[in-house]
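To keep things clear, I will list the structure first and then write my remarks on it.
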Amino acid sequence: MAEDIAIHNTDNWFRYRTGAFIEHEGKYLFINSNFGDYYYMIGGAVHIKETSAECIEREVFEEAGIKAKAERLCVVCENFFDGKGGNIEGKNCHVLEFYYLMKTDDKGPFRKVNDEGEELIWLSVEEIKKSNIKPSFIPERIDEILATKETLHIIEDRDRTY
């Protein structure tokens with residue numbers, strides 16, 4: 001079994017993660033979190049010896065059963081937040097996230113829940129703008145993320161108190 005790139009101790013947690021802006025029929029795939037009233041992007045931890053693009057293609061297939069290709073790195077995010085739920089509860093969290101634009105020709109059927117029992121949901125851009133999504137920059141900057149050809153570098157720290 002491959003090993004995630006993560007470091008954790010009593011107070012801190014670091015993870016190297018990918019996320020997908022995966023488009024299908026004008027909507028983008030999100031996960032309804034089991035640990036709070038918010039959505040987050042489908043994705044997961046990069047494994048040792050794996051590129052971020054390989055990771056997101058693997059994660060999208062594992063979590064949603066969708067075959068898709070990483071088309072363009074659109075966001076690099078340094079995400080700092082207070083851990084809530086599961087093994088990160090109460091920890092100072094720092095996640096380095098590489099977000100890719102992805103498209104799929106896969107017609108489905110697509111999974112409706114992931115392996116953790118969280119609902120997979122497709123949202124339009126207008127729904128994204130109105131939804132509670134973590135990290136918080138996503139609904140605020142979705143138009144820019146989808147329109148620019150440049151890779152955005154974002155530091156997100158609004159969800160931490162330390």
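The way I read the labels, and the way they are meant: chains A, B, ... in the order of the structure tokens, residue 1 as the first residue of every chain, and ligand 1 as the first ligand shown, with later ones counted on from there.
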Write out as number ranges by chain all residues of chain A that DSSP puts in helix (DSSP H, G or I) for this structure's backbone. A: 52-64, 86-88, 125-130, 137-147
I want to know what sits within 8 Å of A:Tyr40, based on only C-alpha atoms, with residues of the same chain fewer than 5 positions away left out; could you give that as a PyMOL selection string? chain A and resi 30-33+133-135
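Taking atom CA of A:Thr148 and atom CA of A:His94 as the two end points, the separation is 25.8 Å.
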Nearest to A:Asp106, chosen from A:Ala20, A:Met41, A:Ala68, A:Leu152, with only C-alpha atoms counted in the distances: A:Ala68
Write out as a ChimeraX atom specification the residues lying within 10 Å of stretch 114-130 of chain A, counting only C-alpha atoms and excluding same-chain residues fewer than 4 positions away. /A:22-35,39-42,62-65,110,138-143,146
Using only N, CA and C atoms, please write the residues we just selected to a file, as a short mmCIF file (atom, residue, chain, number, x, y, z; two decimals), in the first residue's frame.
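And here's selection.cif as it stands now:
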```
data_model
loop_
_atom_site.label_atom_id
_atom_site.label_comp_id
_atom_site.auth_asym_id
_atom_site.auth_seq_id
_atom_site.Cartn_x
_atom_site.Cartn_y
_atom_site.Cartn_z
N ILE A 22 -13.58 19.29 -11.31
CA ILE A 22 -13.96 18.38 -12.38
C ILE A 22 -15.34 18.77 -12.89
N GLU A 23 -15.38 19.07 -14.20
CA GLU A 23 -16.60 19.58 -14.82
C GLU A 23 -17.30 18.47 -15.61
N HIS A 24 -18.62 18.43 -15.44
CA HIS A 24 -19.47 17.53 -16.21
C HIS A 24 -20.82 18.20 -16.39
N GLU A 25 -21.19 18.42 -17.64
CA GLU A 25 -22.47 19.04 -17.98
C GLU A 25 -22.69 20.37 -17.25
N GLY A 26 -21.61 21.18 -17.16
CA GLY A 26 -21.71 22.51 -16.59
C GLY A 26 -21.73 22.57 -15.08
N LYS A 27 -21.45 21.44 -14.41
CA LYS A 27 -21.42 21.41 -12.94
C LYS A 27 -20.09 20.84 -12.48
N TYR A 28 -19.77 21.10 -11.21
CA TYR A 28 -18.50 20.69 -10.62
C TYR A 28 -18.76 19.82 -9.40
N LEU A 29 -17.91 18.82 -9.22
CA LEU A 29 -18.12 17.81 -8.19
C LEU A 29 -17.55 18.24 -6.84
N PHE A 30 -18.37 18.08 -5.80
CA PHE A 30 -17.98 18.39 -4.42
C PHE A 30 -18.39 17.24 -3.51
N ILE A 31 -17.85 17.27 -2.30
CA ILE A 31 -18.19 16.29 -1.27
C ILE A 31 -18.83 17.04 -0.11
N ASN A 32 -19.95 16.52 0.40
CA ASN A 32 -20.62 17.07 1.57
C ASN A 32 -19.95 16.47 2.81
N SER A 33 -19.23 17.29 3.57
CA SER A 33 -18.41 16.83 4.68
C SER A 33 -19.24 16.18 5.79
N ASN A 34 -18.72 15.10 6.35
CA ASN A 34 -19.31 14.47 7.53
C ASN A 34 -18.98 15.23 8.81
N PHE A 35 -18.02 16.16 8.76
CA PHE A 35 -17.53 16.82 9.96
C PHE A 35 -17.98 18.27 10.12
N TYR A 39 -19.01 21.95 2.09
CA TYR A 39 -18.55 21.08 1.02
C TYR A 39 -17.05 21.26 0.85
N TYR A 40 -16.40 20.25 0.27
CA TYR A 40 -15.00 20.39 -0.11
C TYR A 40 -14.78 19.67 -1.44
N MET A 41 -13.65 19.97 -2.08
CA MET A 41 -13.34 19.41 -3.39
C MET A 41 -12.93 17.95 -3.27
N ILE A 42 -13.35 17.18 -4.24
CA ILE A 42 -12.90 15.80 -4.33
C ILE A 42 -11.39 15.81 -4.53
N GLU A 62 -11.05 6.62 -7.62
CA GLU A 62 -11.33 5.87 -6.39
C GLU A 62 -12.58 6.39 -5.68
N GLU A 63 -12.72 7.71 -5.57
CA GLU A 63 -13.81 8.29 -4.79
C GLU A 63 -15.14 8.36 -5.54
N ALA A 64 -15.07 8.61 -6.85
CA ALA A 64 -16.30 8.84 -7.60
C ALA A 64 -16.53 7.85 -8.74
N GLY A 65 -15.51 7.03 -9.04
CA GLY A 65 -15.64 6.09 -10.14
C GLY A 65 -15.58 6.75 -11.50
N PHE A 110 -22.41 7.81 -12.04
CA PHE A 110 -21.41 8.22 -11.07
C PHE A 110 -21.87 7.83 -9.67
N ILE A 138 -12.67 29.28 -2.60
CA ILE A 138 -13.29 28.66 -3.78
C ILE A 138 -14.56 29.38 -4.22
N PRO A 139 -15.56 29.57 -3.36
CA PRO A 139 -16.76 30.27 -3.85
C PRO A 139 -16.49 31.73 -4.22
N GLU A 140 -15.54 32.35 -3.54
CA GLU A 140 -15.23 33.76 -3.80
C GLU A 140 -14.51 33.98 -5.13
N ARG A 141 -13.69 33.00 -5.53
CA ARG A 141 -12.83 33.20 -6.70
C ARG A 141 -13.09 32.20 -7.82
N ILE A 142 -14.24 31.52 -7.78
CA ILE A 142 -14.51 30.47 -8.77
C ILE A 142 -14.47 31.00 -10.20
N ASP A 143 -15.01 32.18 -10.46
CA ASP A 143 -14.97 32.72 -11.82
C ASP A 143 -13.53 32.92 -12.30
N LEU A 146 -11.70 29.54 -12.98
CA LEU A 146 -12.11 28.88 -14.22
C LEU A 146 -11.71 29.66 -15.46
#
```
Residues of chain A classed as strand (DSSP E) by DSSP on the backbone are to be reported as a PyMOL selection string. chain A and resi 6-8+12-24+27-32+39-41+43-45+69-82+92-103+120-123+133-134+152-159
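Comparing A:Lys84, A:Arg15, A:Arg72, A:His8 by their smallest distance to A:Ala53, the closest is A:Arg72 (using only C-alpha atoms).
Distances here use only C-alpha atoms; by that measure, the residue among A:Leu101, A:Ile145, A:Leu96, A:Ala6 closest to A:Phe80 is A:Leu96.
Computed from the coordinates, the atom CA of A:Asn12 to atom CA of A:Lys91 distance equals 5.0 Å.
One finds atom CA of A:Ser136 at 10.7 Å from atom CA of A:Ile155.
Distance check against A:Ser52 using only C-alpha atoms: of A:Asp159, A:Glu97, A:Asp82, A:Asp11, the minimum falls on A:Glu97.
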Need to verify the contact set: A:Tyr16, 6 Å, only C-alpha atoms, exclusion of same-chain residues closer than 4 positions in sequence. Can you return it as a ChimeraX atom specification? /A:5,45-46,95-96
Those residues with N, CA and C atoms, as a compact mmCIF listing (two decimals), in the first residue's frame please?
```
# COMPACT_ATOMS: atom_id res chain seq x y z
N ILE A 5 1.75 11.41 1.77
CA ILE A 5 2.73 12.40 2.21
C ILE A 5 2.04 13.27 3.25
N ALA A 45 -4.73 12.78 -0.54
CA ALA A 45 -3.30 12.88 -0.27
C ALA A 45 -2.47 12.27 -1.39
N VAL A 46 -1.42 12.98 -1.75
CA VAL A 46 -0.44 12.48 -2.72
C VAL A 46 0.37 11.40 -2.03
N VAL A 95 -2.07 22.42 4.98
CA VAL A 95 -2.19 21.54 3.83
C VAL A 95 -1.71 22.28 2.59
N LEU A 96 -0.78 21.67 1.87
CA LEU A 96 -0.32 22.20 0.58
C LEU A 96 -1.15 21.50 -0.48
```
Residues near A:Phe98, cut-off 7 Å, only C-alpha atoms, skip fewer than 3 positions along chain, as a list in words: Arg17, Thr18, Gly19, Ser52, Leu73, Val75, Val76 and Cys77 of chain A
Please write the residues from the selection above to a file, keeping N, CA and C atoms, as a PDB file, in the first residue's frame.
```
ATOM      1  N   ARG A  17      -1.791  17.504  -0.679  1.00  0.00           N
ATOM      2  CA  ARG A  17      -3.078  17.050  -1.185  1.00  0.00           C
ATOM      3  C   ARG A  17      -3.353  17.608  -2.572  1.00  0.00           C
ATOM      4  N   THR A  18      -4.167  16.892  -3.333  1.00  0.00           N
ATOM      5  CA  THR A  18      -4.669  17.402  -4.601  1.00  0.00           C
ATOM      6  C   THR A  18      -6.174  17.555  -4.512  1.00  0.00           C
ATOM      7  N   GLY A  19      -6.705  18.406  -5.376  1.00  0.00           N
ATOM      8  CA  GLY A  19      -8.146  18.597  -5.486  1.00  0.00           C
ATOM      9  C   GLY A  19      -8.518  18.800  -6.945  1.00  0.00           C
ATOM     10  N   SER A  52       1.422  14.991  -8.466  1.00  0.00           N
ATOM     11  CA  SER A  52       0.107  15.514  -8.074  1.00  0.00           C
ATOM     12  C   SER A  52      -0.944  15.217  -9.143  1.00  0.00           C
ATOM     13  N   LEU A  73      -3.070  22.664 -14.039  1.00  0.00           N
ATOM     14  CA  LEU A  73      -2.934  23.078 -12.642  1.00  0.00           C
ATOM     15  C   LEU A  73      -3.460  24.504 -12.548  1.00  0.00           C
ATOM     16  N   VAL A  75      -4.661  26.054  -9.322  1.00  0.00           N
ATOM     17  CA  VAL A  75      -4.447  26.707  -8.029  1.00  0.00           C
ATOM     18  C   VAL A  75      -3.434  25.907  -7.219  1.00  0.00           C
ATOM     19  N   VAL A  76      -2.509  26.638  -6.603  1.00  0.00           N
ATOM     20  CA  VAL A  76      -1.675  26.094  -5.540  1.00  0.00           C
ATOM     21  C   VAL A  76      -2.088  26.852  -4.287  1.00  0.00           C
ATOM     22  N   CYS A  77      -2.536  26.114  -3.278  1.00  0.00           N
ATOM     23  CA  CYS A  77      -3.043  26.748  -2.059  1.00  0.00           C
ATOM     24  C   CYS A  77      -2.248  26.272  -0.847  1.00  0.00           C
TER      25      CYS A  77
END
```
